[in-house]
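Below is the file data_24.cif, which contains mmCIF, N, CA and C atoms.
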```
data_query
#
loop_
_atom_site.label_atom_id
_atom_site.label_comp_id
_atom_site.auth_asym_id
_atom_site.auth_seq_id
_atom_site.Cartn_x
_atom_site.Cartn_y
_atom_site.Cartn_z
N MET A 1 0.48 2.68 1.39
CA MET A 1 0.47 1.52 0.50
C MET A 1 -0.94 1.23 -0.02
N GLY A 2 -1.96 1.62 0.76
CA GLY A 2 -3.33 1.43 0.30
C GLY A 2 -3.63 2.25 -0.94
N THR A 3 -2.97 3.40 -1.06
CA THR A 3 -3.14 4.24 -2.25
C THR A 3 -2.68 3.47 -3.49
N ALA A 4 -1.55 2.81 -3.40
CA ALA A 4 -1.03 2.04 -4.53
C ALA A 4 -1.99 0.93 -4.90
N ALA A 5 -2.54 0.25 -3.91
CA ALA A 5 -3.47 -0.85 -4.18
C ALA A 5 -4.70 -0.36 -4.93
N GLY A 6 -5.15 0.84 -4.60
CA GLY A 6 -6.32 1.39 -5.29
C GLY A 6 -6.03 1.80 -6.72
N ILE A 7 -4.78 2.05 -7.03
CA ILE A 7 -4.41 2.49 -8.39
C ILE A 7 -3.93 1.32 -9.25
N GLU A 8 -3.58 0.21 -8.63
CA GLU A 8 -3.03 -0.93 -9.38
C GLU A 8 -4.00 -1.49 -10.41
N ILE A 9 -5.26 -1.63 -10.05
CA ILE A 9 -6.24 -2.20 -10.99
C ILE A 9 -6.40 -1.30 -12.22
N PRO A 10 -6.59 0.02 -12.05
CA PRO A 10 -6.62 0.86 -13.26
C PRO A 10 -5.32 0.78 -14.06
N ALA A 11 -4.18 0.65 -13.37
CA ALA A 11 -2.90 0.53 -14.08
C ALA A 11 -2.87 -0.75 -14.90
N MET A 12 -3.38 -1.84 -14.35
CA MET A 12 -3.44 -3.12 -15.08
C MET A 12 -4.32 -2.99 -16.32
N LEU A 13 -5.49 -2.36 -16.14
CA LEU A 13 -6.42 -2.20 -17.27
C LEU A 13 -5.82 -1.30 -18.35
N LEU A 14 -5.18 -0.22 -17.93
CA LEU A 14 -4.54 0.67 -18.89
C LEU A 14 -3.39 -0.04 -19.61
N ALA A 15 -2.63 -0.85 -18.89
CA ALA A 15 -1.54 -1.61 -19.50
C ALA A 15 -2.09 -2.56 -20.56
N GLY A 16 -3.22 -3.20 -20.27
CA GLY A 16 -3.83 -4.09 -21.25
C GLY A 16 -4.23 -3.35 -22.52
N TYR A 17 -4.65 -2.13 -22.37
CA TYR A 17 -5.01 -1.30 -23.52
C TYR A 17 -3.75 -0.85 -24.28
N LEU A 18 -2.73 -0.42 -23.55
CA LEU A 18 -1.53 0.14 -24.17
C LEU A 18 -0.60 -0.90 -24.78
N VAL A 19 -0.73 -2.16 -24.38
CA VAL A 19 0.19 -3.19 -24.86
C VAL A 19 0.12 -3.33 -26.38
N LYS A 20 -1.03 -3.07 -26.97
CA LYS A 20 -1.15 -3.17 -28.43
C LYS A 20 -0.37 -2.06 -29.13
N ARG A 21 -0.29 -0.89 -28.51
CA ARG A 21 0.41 0.24 -29.11
C ARG A 21 1.89 0.25 -28.78
N TRP A 22 2.23 -0.02 -27.55
CA TRP A 22 3.61 0.12 -27.09
C TRP A 22 4.39 -1.18 -27.15
N GLY A 23 3.73 -2.29 -27.01
CA GLY A 23 4.41 -3.59 -26.95
C GLY A 23 4.75 -3.97 -25.51
N LYS A 24 4.91 -5.26 -25.30
CA LYS A 24 5.17 -5.75 -23.93
C LYS A 24 6.51 -5.29 -23.39
N ARG A 25 7.55 -5.34 -24.21
CA ARG A 25 8.89 -4.97 -23.72
C ARG A 25 8.91 -3.52 -23.25
N ARG A 26 8.37 -2.64 -24.05
CA ARG A 26 8.38 -1.22 -23.69
C ARG A 26 7.57 -0.97 -22.41
N LEU A 27 6.43 -1.63 -22.28
CA LEU A 27 5.64 -1.49 -21.05
C LEU A 27 6.38 -2.05 -19.85
N MET A 28 7.05 -3.18 -20.03
CA MET A 28 7.81 -3.76 -18.92
C MET A 28 8.96 -2.84 -18.51
N LEU A 29 9.63 -2.24 -19.49
CA LEU A 29 10.69 -1.28 -19.17
C LEU A 29 10.12 -0.07 -18.42
N PHE A 30 8.96 0.40 -18.85
CA PHE A 30 8.31 1.52 -18.18
C PHE A 30 7.95 1.14 -16.74
N ALA A 31 7.49 -0.10 -16.56
CA ALA A 31 7.14 -0.56 -15.21
C ALA A 31 8.37 -0.60 -14.31
N VAL A 32 9.45 -1.17 -14.80
CA VAL A 32 10.66 -1.26 -13.99
C VAL A 32 11.23 0.14 -13.72
N ALA A 33 11.17 1.03 -14.70
CA ALA A 33 11.61 2.41 -14.49
C ALA A 33 10.75 3.08 -13.41
N SER A 34 9.46 2.80 -13.40
CA SER A 34 8.58 3.33 -12.35
C SER A 34 8.98 2.78 -10.99
N GLY A 35 9.40 1.52 -10.96
CA GLY A 35 9.89 0.93 -9.72
C GLY A 35 11.16 1.62 -9.24
N VAL A 36 12.04 1.95 -10.17
CA VAL A 36 13.27 2.67 -9.81
C VAL A 36 12.92 4.03 -9.22
N VAL A 37 11.99 4.75 -9.86
CA VAL A 37 11.57 6.06 -9.35
C VAL A 37 10.96 5.91 -7.96
N PHE A 38 10.11 4.90 -7.77
CA PHE A 38 9.48 4.69 -6.48
C PHE A 38 10.52 4.44 -5.39
N TYR A 39 11.38 3.48 -5.59
CA TYR A 39 12.34 3.12 -4.55
C TYR A 39 13.39 4.21 -4.31
N ALA A 40 13.84 4.87 -5.37
CA ALA A 40 14.76 5.99 -5.20
C ALA A 40 14.06 7.13 -4.47
N GLY A 41 12.79 7.32 -4.76
CA GLY A 41 12.02 8.36 -4.09
C GLY A 41 11.86 8.10 -2.60
N LEU A 42 11.76 6.83 -2.23
CA LEU A 42 11.68 6.50 -0.80
C LEU A 42 12.94 6.94 -0.06
N VAL A 43 14.06 6.90 -0.76
CA VAL A 43 15.32 7.34 -0.17
C VAL A 43 15.38 8.88 -0.13
N ALA A 44 14.91 9.51 -1.21
CA ALA A 44 15.11 10.95 -1.39
C ALA A 44 14.10 11.82 -0.64
N PHE A 45 12.87 11.35 -0.45
CA PHE A 45 11.82 12.21 0.10
C PHE A 45 11.35 11.73 1.46
N GLU A 46 10.92 12.68 2.28
CA GLU A 46 10.39 12.34 3.60
C GLU A 46 8.99 12.88 3.84
N SER A 47 8.53 13.83 3.03
CA SER A 47 7.23 14.43 3.28
C SER A 47 6.10 13.46 2.93
N LYS A 48 5.00 13.58 3.65
CA LYS A 48 3.85 12.70 3.40
C LYS A 48 3.32 12.87 1.99
N THR A 49 3.30 14.12 1.51
CA THR A 49 2.79 14.38 0.16
C THR A 49 3.63 13.67 -0.89
N ALA A 50 4.94 13.77 -0.77
CA ALA A 50 5.83 13.11 -1.73
C ALA A 50 5.66 11.60 -1.67
N LEU A 51 5.55 11.05 -0.47
CA LEU A 51 5.38 9.60 -0.33
C LEU A 51 4.05 9.14 -0.92
N MET A 52 3.01 9.97 -0.79
CA MET A 52 1.72 9.63 -1.40
C MET A 52 1.83 9.66 -2.93
N LEU A 53 2.50 10.67 -3.47
CA LEU A 53 2.67 10.76 -4.92
C LEU A 53 3.52 9.61 -5.47
N LEU A 54 4.48 9.18 -4.68
CA LEU A 54 5.32 8.05 -5.11
C LEU A 54 4.50 6.76 -5.26
N GLN A 55 3.39 6.68 -4.55
CA GLN A 55 2.55 5.48 -4.65
C GLN A 55 2.02 5.27 -6.07
N LEU A 56 1.91 6.35 -6.84
CA LEU A 56 1.51 6.22 -8.23
C LEU A 56 2.54 5.38 -9.00
N PHE A 57 3.81 5.65 -8.77
CA PHE A 57 4.87 4.87 -9.44
C PHE A 57 4.88 3.42 -8.96
N ASN A 58 4.60 3.22 -7.68
CA ASN A 58 4.51 1.87 -7.13
C ASN A 58 3.36 1.11 -7.80
N ALA A 59 2.23 1.78 -7.95
CA ALA A 59 1.07 1.14 -8.58
C ALA A 59 1.33 0.80 -10.04
N ILE A 60 2.00 1.70 -10.75
CA ILE A 60 2.35 1.43 -12.15
C ILE A 60 3.28 0.24 -12.23
N PHE A 61 4.29 0.22 -11.36
CA PHE A 61 5.25 -0.88 -11.31
C PHE A 61 4.54 -2.22 -11.09
N ILE A 62 3.76 -2.30 -10.04
CA ILE A 62 3.09 -3.56 -9.69
C ILE A 62 2.02 -3.90 -10.71
N GLY A 63 1.24 -2.92 -11.12
CA GLY A 63 0.13 -3.17 -12.05
C GLY A 63 0.59 -3.73 -13.38
N ILE A 64 1.63 -3.15 -13.94
CA ILE A 64 2.11 -3.63 -15.24
C ILE A 64 2.79 -4.98 -15.11
N ILE A 65 3.64 -5.14 -14.10
CA ILE A 65 4.33 -6.42 -13.93
C ILE A 65 3.31 -7.54 -13.69
N ALA A 66 2.32 -7.27 -12.84
CA ALA A 66 1.31 -8.29 -12.55
C ALA A 66 0.42 -8.57 -13.75
N GLY A 67 0.16 -7.55 -14.54
CA GLY A 67 -0.76 -7.74 -15.67
C GLY A 67 -0.10 -8.23 -16.94
N ILE A 68 1.10 -7.80 -17.21
CA ILE A 68 1.78 -8.11 -18.48
C ILE A 68 2.96 -9.06 -18.30
N GLY A 69 3.52 -9.12 -17.09
CA GLY A 69 4.74 -9.88 -16.85
C GLY A 69 4.68 -11.33 -17.29
N MET A 70 3.63 -12.03 -16.91
CA MET A 70 3.54 -13.45 -17.26
C MET A 70 3.42 -13.62 -18.78
N LEU A 71 2.67 -12.75 -19.42
CA LEU A 71 2.53 -12.83 -20.88
C LEU A 71 3.88 -12.61 -21.57
N TYR A 72 4.66 -11.68 -21.02
CA TYR A 72 5.98 -11.41 -21.59
C TYR A 72 6.90 -12.62 -21.43
N PHE A 73 6.85 -13.25 -20.26
CA PHE A 73 7.63 -14.47 -20.05
C PHE A 73 7.22 -15.54 -21.06
N GLN A 74 5.93 -15.68 -21.29
CA GLN A 74 5.44 -16.69 -22.23
C GLN A 74 5.92 -16.39 -23.65
N ASP A 75 5.95 -15.11 -24.01
CA ASP A 75 6.46 -14.73 -25.33
C ASP A 75 7.96 -15.02 -25.46
N LEU A 76 8.68 -14.86 -24.35
CA LEU A 76 10.12 -15.13 -24.37
C LEU A 76 10.43 -16.63 -24.46
N MET A 77 9.46 -17.46 -24.09
CA MET A 77 9.65 -18.91 -24.13
C MET A 77 8.55 -19.54 -24.99
N PRO A 78 8.58 -19.29 -26.31
CA PRO A 78 7.51 -19.79 -27.18
C PRO A 78 7.42 -21.32 -27.14
N GLY A 79 6.20 -21.80 -27.11
CA GLY A 79 5.97 -23.24 -27.08
C GLY A 79 6.14 -23.85 -25.70
N ARG A 80 6.46 -23.04 -24.71
CA ARG A 80 6.68 -23.55 -23.36
C ARG A 80 5.91 -22.69 -22.35
N ALA A 81 4.64 -22.45 -22.64
CA ALA A 81 3.83 -21.55 -21.81
C ALA A 81 3.75 -22.03 -20.36
N GLY A 82 3.64 -23.33 -20.15
CA GLY A 82 3.58 -23.86 -18.79
C GLY A 82 4.87 -23.60 -18.01
N SER A 83 5.99 -23.81 -18.67
CA SER A 83 7.29 -23.55 -18.03
C SER A 83 7.47 -22.07 -17.74
N ALA A 84 7.04 -21.21 -18.67
CA ALA A 84 7.16 -19.76 -18.48
C ALA A 84 6.31 -19.30 -17.30
N THR A 85 5.10 -19.81 -17.22
CA THR A 85 4.20 -19.45 -16.12
C THR A 85 4.77 -19.91 -14.79
N THR A 86 5.27 -21.13 -14.76
CA THR A 86 5.87 -21.65 -13.53
C THR A 86 7.10 -20.84 -13.15
N LEU A 87 7.94 -20.51 -14.11
CA LEU A 87 9.13 -19.72 -13.83
C LEU A 87 8.74 -18.35 -13.27
N PHE A 88 7.74 -17.71 -13.89
CA PHE A 88 7.31 -16.39 -13.44
C PHE A 88 6.78 -16.44 -12.00
N THR A 89 5.87 -17.36 -11.71
CA THR A 89 5.29 -17.42 -10.36
C THR A 89 6.31 -17.88 -9.32
N ASN A 90 7.17 -18.81 -9.66
CA ASN A 90 8.19 -19.25 -8.71
C ASN A 90 9.23 -18.17 -8.47
N SER A 91 9.52 -17.37 -9.49
CA SER A 91 10.46 -16.25 -9.31
C SER A 91 9.92 -15.26 -8.30
N ILE A 92 8.62 -15.00 -8.36
CA ILE A 92 8.02 -14.08 -7.40
C ILE A 92 8.14 -14.64 -5.98
N SER A 93 7.79 -15.91 -5.81
CA SER A 93 7.87 -16.53 -4.49
C SER A 93 9.31 -16.54 -3.97
N THR A 94 10.24 -16.89 -4.83
CA THR A 94 11.64 -16.91 -4.44
C THR A 94 12.13 -15.51 -4.09
N GLY A 95 11.72 -14.53 -4.86
CA GLY A 95 12.09 -13.14 -4.59
C GLY A 95 11.58 -12.66 -3.25
N VAL A 96 10.36 -13.04 -2.90
CA VAL A 96 9.79 -12.65 -1.61
C VAL A 96 10.60 -13.27 -0.46
N ILE A 97 10.95 -14.52 -0.60
CA ILE A 97 11.74 -15.19 0.44
C ILE A 97 13.11 -14.55 0.58
N CYS A 98 13.79 -14.35 -0.55
CA CYS A 98 15.13 -13.73 -0.51
C CYS A 98 15.07 -12.30 0.01
N ALA A 99 14.03 -11.56 -0.37
CA ALA A 99 13.88 -10.19 0.11
C ALA A 99 13.71 -10.15 1.62
N GLY A 100 12.94 -11.07 2.16
CA GLY A 100 12.77 -11.11 3.61
C GLY A 100 14.06 -11.40 4.35
N ILE A 101 14.82 -12.32 3.82
CA ILE A 101 16.11 -12.66 4.43
C ILE A 101 17.07 -11.47 4.34
N LEU A 102 17.14 -10.86 3.16
CA LEU A 102 18.03 -9.72 2.96
C LEU A 102 17.61 -8.54 3.84
N GLN A 103 16.32 -8.25 3.87
CA GLN A 103 15.84 -7.15 4.70
C GLN A 103 16.15 -7.40 6.17
N GLY A 104 15.91 -8.59 6.64
CA GLY A 104 16.19 -8.92 8.04
C GLY A 104 17.66 -8.75 8.37
N ALA A 105 18.53 -9.22 7.49
CA ALA A 105 19.97 -9.11 7.73
C ALA A 105 20.42 -7.65 7.74
N ILE A 106 19.89 -6.86 6.81
CA ILE A 106 20.28 -5.44 6.75
C ILE A 106 19.77 -4.70 7.98
N VAL A 107 18.52 -4.92 8.35
CA VAL A 107 17.95 -4.22 9.51
C VAL A 107 18.69 -4.59 10.78
N GLU A 108 18.97 -5.87 10.94
CA GLU A 108 19.66 -6.31 12.15
C GLU A 108 21.05 -5.69 12.28
N ASN A 109 21.74 -5.55 11.17
CA ASN A 109 23.12 -5.06 11.21
C ASN A 109 23.26 -3.55 11.02
N PHE A 110 22.33 -2.93 10.29
CA PHE A 110 22.52 -1.52 9.93
C PHE A 110 21.32 -0.62 10.21
N GLY A 111 20.16 -1.18 10.53
CA GLY A 111 18.96 -0.37 10.74
C GLY A 111 18.06 -0.39 9.51
N HIS A 112 16.97 0.37 9.59
CA HIS A 112 15.95 0.32 8.52
C HIS A 112 16.29 1.14 7.28
N GLU A 113 16.91 2.29 7.45
CA GLU A 113 17.15 3.17 6.30
C GLU A 113 17.98 2.52 5.19
N PRO A 114 19.04 1.78 5.50
CA PRO A 114 19.82 1.16 4.41
C PRO A 114 19.01 0.19 3.54
N VAL A 115 17.91 -0.34 4.07
CA VAL A 115 17.07 -1.24 3.26
C VAL A 115 16.60 -0.50 2.01
N TYR A 116 16.20 0.77 2.17
CA TYR A 116 15.71 1.54 1.04
C TYR A 116 16.81 1.84 0.03
N TRP A 117 18.02 2.05 0.50
CA TRP A 117 19.15 2.25 -0.40
C TRP A 117 19.43 0.97 -1.20
N VAL A 118 19.40 -0.17 -0.53
CA VAL A 118 19.68 -1.44 -1.20
C VAL A 118 18.61 -1.73 -2.26
N ILE A 119 17.33 -1.53 -1.92
CA ILE A 119 16.29 -1.82 -2.90
C ILE A 119 16.34 -0.83 -4.06
N ALA A 120 16.73 0.41 -3.81
CA ALA A 120 16.90 1.37 -4.91
C ALA A 120 18.01 0.90 -5.86
N MET A 121 19.10 0.42 -5.30
CA MET A 121 20.20 -0.09 -6.12
C MET A 121 19.79 -1.36 -6.87
N LEU A 122 19.10 -2.25 -6.18
CA LEU A 122 18.65 -3.49 -6.84
C LEU A 122 17.65 -3.19 -7.96
N SER A 123 16.82 -2.17 -7.78
CA SER A 123 15.88 -1.82 -8.84
C SER A 123 16.61 -1.25 -10.05
N LEU A 124 17.69 -0.54 -9.82
CA LEU A 124 18.52 -0.08 -10.95
C LEU A 124 19.17 -1.25 -11.67
N VAL A 125 19.64 -2.23 -10.92
CA VAL A 125 20.21 -3.44 -11.52
C VAL A 125 19.14 -4.15 -12.35
N ALA A 126 17.93 -4.26 -11.79
CA ALA A 126 16.83 -4.91 -12.51
C ALA A 126 16.52 -4.17 -13.81
N PHE A 127 16.55 -2.84 -13.77
CA PHE A 127 16.29 -2.07 -14.98
C PHE A 127 17.37 -2.32 -16.03
N SER A 128 18.62 -2.34 -15.61
CA SER A 128 19.69 -2.56 -16.58
C SER A 128 19.62 -3.96 -17.17
N LEU A 129 19.24 -4.95 -16.36
CA LEU A 129 19.07 -6.31 -16.88
C LEU A 129 17.86 -6.41 -17.80
N MET A 130 16.79 -5.73 -17.43
CA MET A 130 15.58 -5.74 -18.26
C MET A 130 15.85 -5.09 -19.61
N TRP A 131 16.71 -4.10 -19.62
CA TRP A 131 17.06 -3.41 -20.86
C TRP A 131 17.70 -4.39 -21.85
N LYS A 132 18.38 -5.41 -21.35
CA LYS A 132 19.08 -6.37 -22.19
C LYS A 132 18.17 -7.49 -22.73
N VAL A 133 16.97 -7.60 -22.17
CA VAL A 133 16.04 -8.65 -22.63
C VAL A 133 15.51 -8.29 -24.00
N LYS A 134 15.46 -9.26 -24.87
CA LYS A 134 15.08 -9.00 -26.25
C LYS A 134 13.59 -8.65 -26.37
N ASP A 135 13.28 -8.00 -27.47
CA ASP A 135 11.90 -7.68 -27.80
C ASP A 135 11.33 -8.84 -28.61
N VAL A 136 10.18 -9.32 -28.20
CA VAL A 136 9.56 -10.43 -28.93
C VAL A 136 8.21 -10.04 -29.50
#
```

Show me, as structure tokens, the structure contained in the file I just sent.
Amino acid sequence: MGTAAGIEIPAMLLAGYLVKRWGKRRLMLFAVASGVVFYAGLVAFESKTALMLLQLFNAIFIGIIAGIGMLYFQDLMPGRAGSATTLFTNSISTGVICAGILQGAIVENFGHEPVYWVIAMLSLVAFSLMWKVKDV
């Protein structure tokens, strides 16, 4: 996970540069797709090398969402920047709480491996929902 943290800052900076060319929606879709690759890869691969390479996708996912996500929310809610910012930050906090509860319930009942399957499926759901969000 430290590998991803080291790559997140360059990913954020690169996203800031690319947003003018690609647009926020396309970058956000790329970020969520990277998240899908990362979480599906956690299910599919076991070698240390593969897990290290997957950290690149994790860094892209986190870097773009952290760097562009709030701006995209603000664009989706024009004239309500404060509400968009609050919604974005509260969604993250709520997601962390719900993820902890879900992870605990899955681990207690089924073990650790199914957690990775569930997050891979949830990331696919997130990608399909993100695909439906309009371009602004």

- At what distance in Å, to one decimal, does atom CA of Ala33 of chain A lie from atom C of Ser123 of chain A?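 That distance, rounded to one decimal, is 7.6 Å.
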
- Counting only C-alpha atoms, figure out which residue out of A:Phe110, A:Tyr116, A:Tyr72, A:Phe88 gets nearest to Lys134 of chain A. A:Tyr72

- Item | Selected residue of minimal separation from Val136 of chain A among A:Leu122, A:Ile106, A:Leu14, A:Leu76, counting all atoms listed in the file |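 Looking at the shortest contact to Val136 of chain A, the residue is A:Leu76.
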
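Residue nearest Gly16 of chain A within the list A:Leu42, A:Ala50, A:Gly63, A:Leu56: A:Gly63 [criterion: smallest interatomic distance, only C-alpha atoms].
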
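The gap separating atom C of Leu129 of chain A from atom CA of Val37 of chain A is 16.3 Å, in Å to one decimal.
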
- What do you get, as a PyMOL selection string, if you spell out every residue that the PyMOL selection byres ((chain A and resi 36) around 8) selects here? chain A and resi 30-35+37-42+57-58+61+119-124+127

- Message: With only C-alpha atoms as the counted atoms, please give the residues lying no more than 10 Å from Gly2 of chain A, apart from itself and same-chain residues fewer than 3 positions off, as a PyMOL selection string.
- Response: chain A and resi 5-8+52+55+59

- Computed interatomic separation between atom C of Lys24 of chain A and atom C of Lys132 of chain A (Å):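 Spanning atom C of Lys24 of chain A to atom C of Lys132 of chain A is a straight-line distance of 11.9 Å.
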
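For the set A:Ala11, A:Val118, A:Leu54, A:Ala84, the residue with the smallest atom-to-atom gap to Leu71 of chain A is A:Ala84, counting only C-alpha atoms.
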
Please write out, as JSON, where the centre of an axis-aligned box around all listed atoms of segment 58-65 of chain A lies and how long its edges are, in Å to one decimal, after adding 4 Å on each side.
```
{"center_x": 2.7, "center_y": -2.2, "center_z": -11.2, "size_x": 13.1, "size_y": 18.8, "size_z": 16.1}
```

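Using only C-alpha atoms, the nearest neighbour of Leu29 of chain A within the list A:Glu113, A:Glu108, A:Asp75, A:Asp135 is A:Asp135.
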
- Task: Give the answer as one residue: which of A:Met12, A:Gly79, A:Trp117, A:Tyr17 has the shortest atom-to-atom distance to Ile62 of chain A, using all atoms listed in the file?
- Result: A:Met12

- Item | Selection: 8 Å around Ala15 of chain A, all atoms listed in the file, excl. self and same-chain fewer than 6 positions, as a list in words |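 Neighbouring residues, sequence-local ones excluded: Ile9, Leu27, Gly63, Ile64, Gly67 and Ile68 of chain A.
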
Write out N, CA, C and O atoms for segment 58-75 of chain A, as a short mmCIF file (atom, residue, chain, number, x, y, z; two decimals), in the frame of the given file.
```
data_model
loop_
_atom_site.label_atom_id
_atom_site.label_comp_id
_atom_site.auth_asym_id
_atom_site.auth_seq_id
_atom_site.Cartn_x
_atom_site.Cartn_y
_atom_site.Cartn_z
N ASN A 58 4.60 3.22 -7.68
CA ASN A 58 4.51 1.87 -7.13
C ASN A 58 3.36 1.11 -7.80
O ASN A 58 3.51 -0.05 -8.18
N ALA A 59 2.23 1.78 -7.95
CA ALA A 59 1.07 1.14 -8.58
C ALA A 59 1.33 0.80 -10.04
O ALA A 59 0.94 -0.27 -10.53
N ILE A 60 2.00 1.70 -10.75
CA ILE A 60 2.35 1.43 -12.15
C ILE A 60 3.28 0.24 -12.23
O ILE A 60 3.08 -0.67 -13.05
N PHE A 61 4.29 0.22 -11.36
CA PHE A 61 5.25 -0.88 -11.31
C PHE A 61 4.54 -2.22 -11.09
O PHE A 61 4.66 -3.15 -11.89
N ILE A 62 3.76 -2.30 -10.04
CA ILE A 62 3.09 -3.56 -9.69
C ILE A 62 2.02 -3.90 -10.71
O ILE A 62 1.89 -5.05 -11.14
N GLY A 63 1.24 -2.92 -11.12
CA GLY A 63 0.13 -3.17 -12.05
C GLY A 63 0.59 -3.73 -13.38
O GLY A 63 0.01 -4.69 -13.90
N ILE A 64 1.63 -3.15 -13.94
CA ILE A 64 2.11 -3.63 -15.24
C ILE A 64 2.79 -4.98 -15.11
O ILE A 64 2.54 -5.89 -15.91
N ILE A 65 3.64 -5.14 -14.10
CA ILE A 65 4.33 -6.42 -13.93
C ILE A 65 3.31 -7.54 -13.69
O ILE A 65 3.42 -8.62 -14.28
N ALA A 66 2.32 -7.27 -12.84
CA ALA A 66 1.31 -8.29 -12.55
C ALA A 66 0.42 -8.57 -13.75
O ALA A 66 0.00 -9.71 -13.97
N GLY A 67 0.16 -7.55 -14.54
CA GLY A 67 -0.76 -7.74 -15.67
C GLY A 67 -0.10 -8.23 -16.94
O GLY A 67 -0.69 -9.01 -17.69
N ILE A 68 1.10 -7.80 -17.21
CA ILE A 68 1.78 -8.11 -18.48
C ILE A 68 2.96 -9.06 -18.30
O ILE A 68 3.37 -9.74 -19.22
N GLY A 69 3.52 -9.12 -17.09
CA GLY A 69 4.74 -9.88 -16.85
C GLY A 69 4.68 -11.33 -17.29
O GLY A 69 5.58 -11.82 -17.97
N MET A 70 3.63 -12.03 -16.91
CA MET A 70 3.54 -13.45 -17.26
C MET A 70 3.42 -13.62 -18.78
O MET A 70 4.02 -14.53 -19.36
N LEU A 71 2.67 -12.75 -19.42
CA LEU A 71 2.53 -12.83 -20.88
C LEU A 71 3.88 -12.61 -21.57
O LEU A 71 4.19 -13.26 -22.56
N TYR A 72 4.66 -11.68 -21.02
CA TYR A 72 5.98 -11.41 -21.59
C TYR A 72 6.90 -12.62 -21.43
O TYR A 72 7.61 -13.00 -22.36
N PHE A 73 6.85 -13.25 -20.26
CA PHE A 73 7.63 -14.47 -20.05
C PHE A 73 7.22 -15.54 -21.06
O PHE A 73 8.06 -16.23 -21.62
N GLN A 74 5.93 -15.68 -21.29
CA GLN A 74 5.44 -16.69 -22.23
C GLN A 74 5.92 -16.39 -23.65
O GLN A 74 6.24 -17.30 -24.41
N ASP A 75 5.95 -15.11 -24.01
CA ASP A 75 6.46 -14.73 -25.33
C ASP A 75 7.96 -15.02 -25.46
O ASP A 75 8.44 -15.36 -26.54
#
```
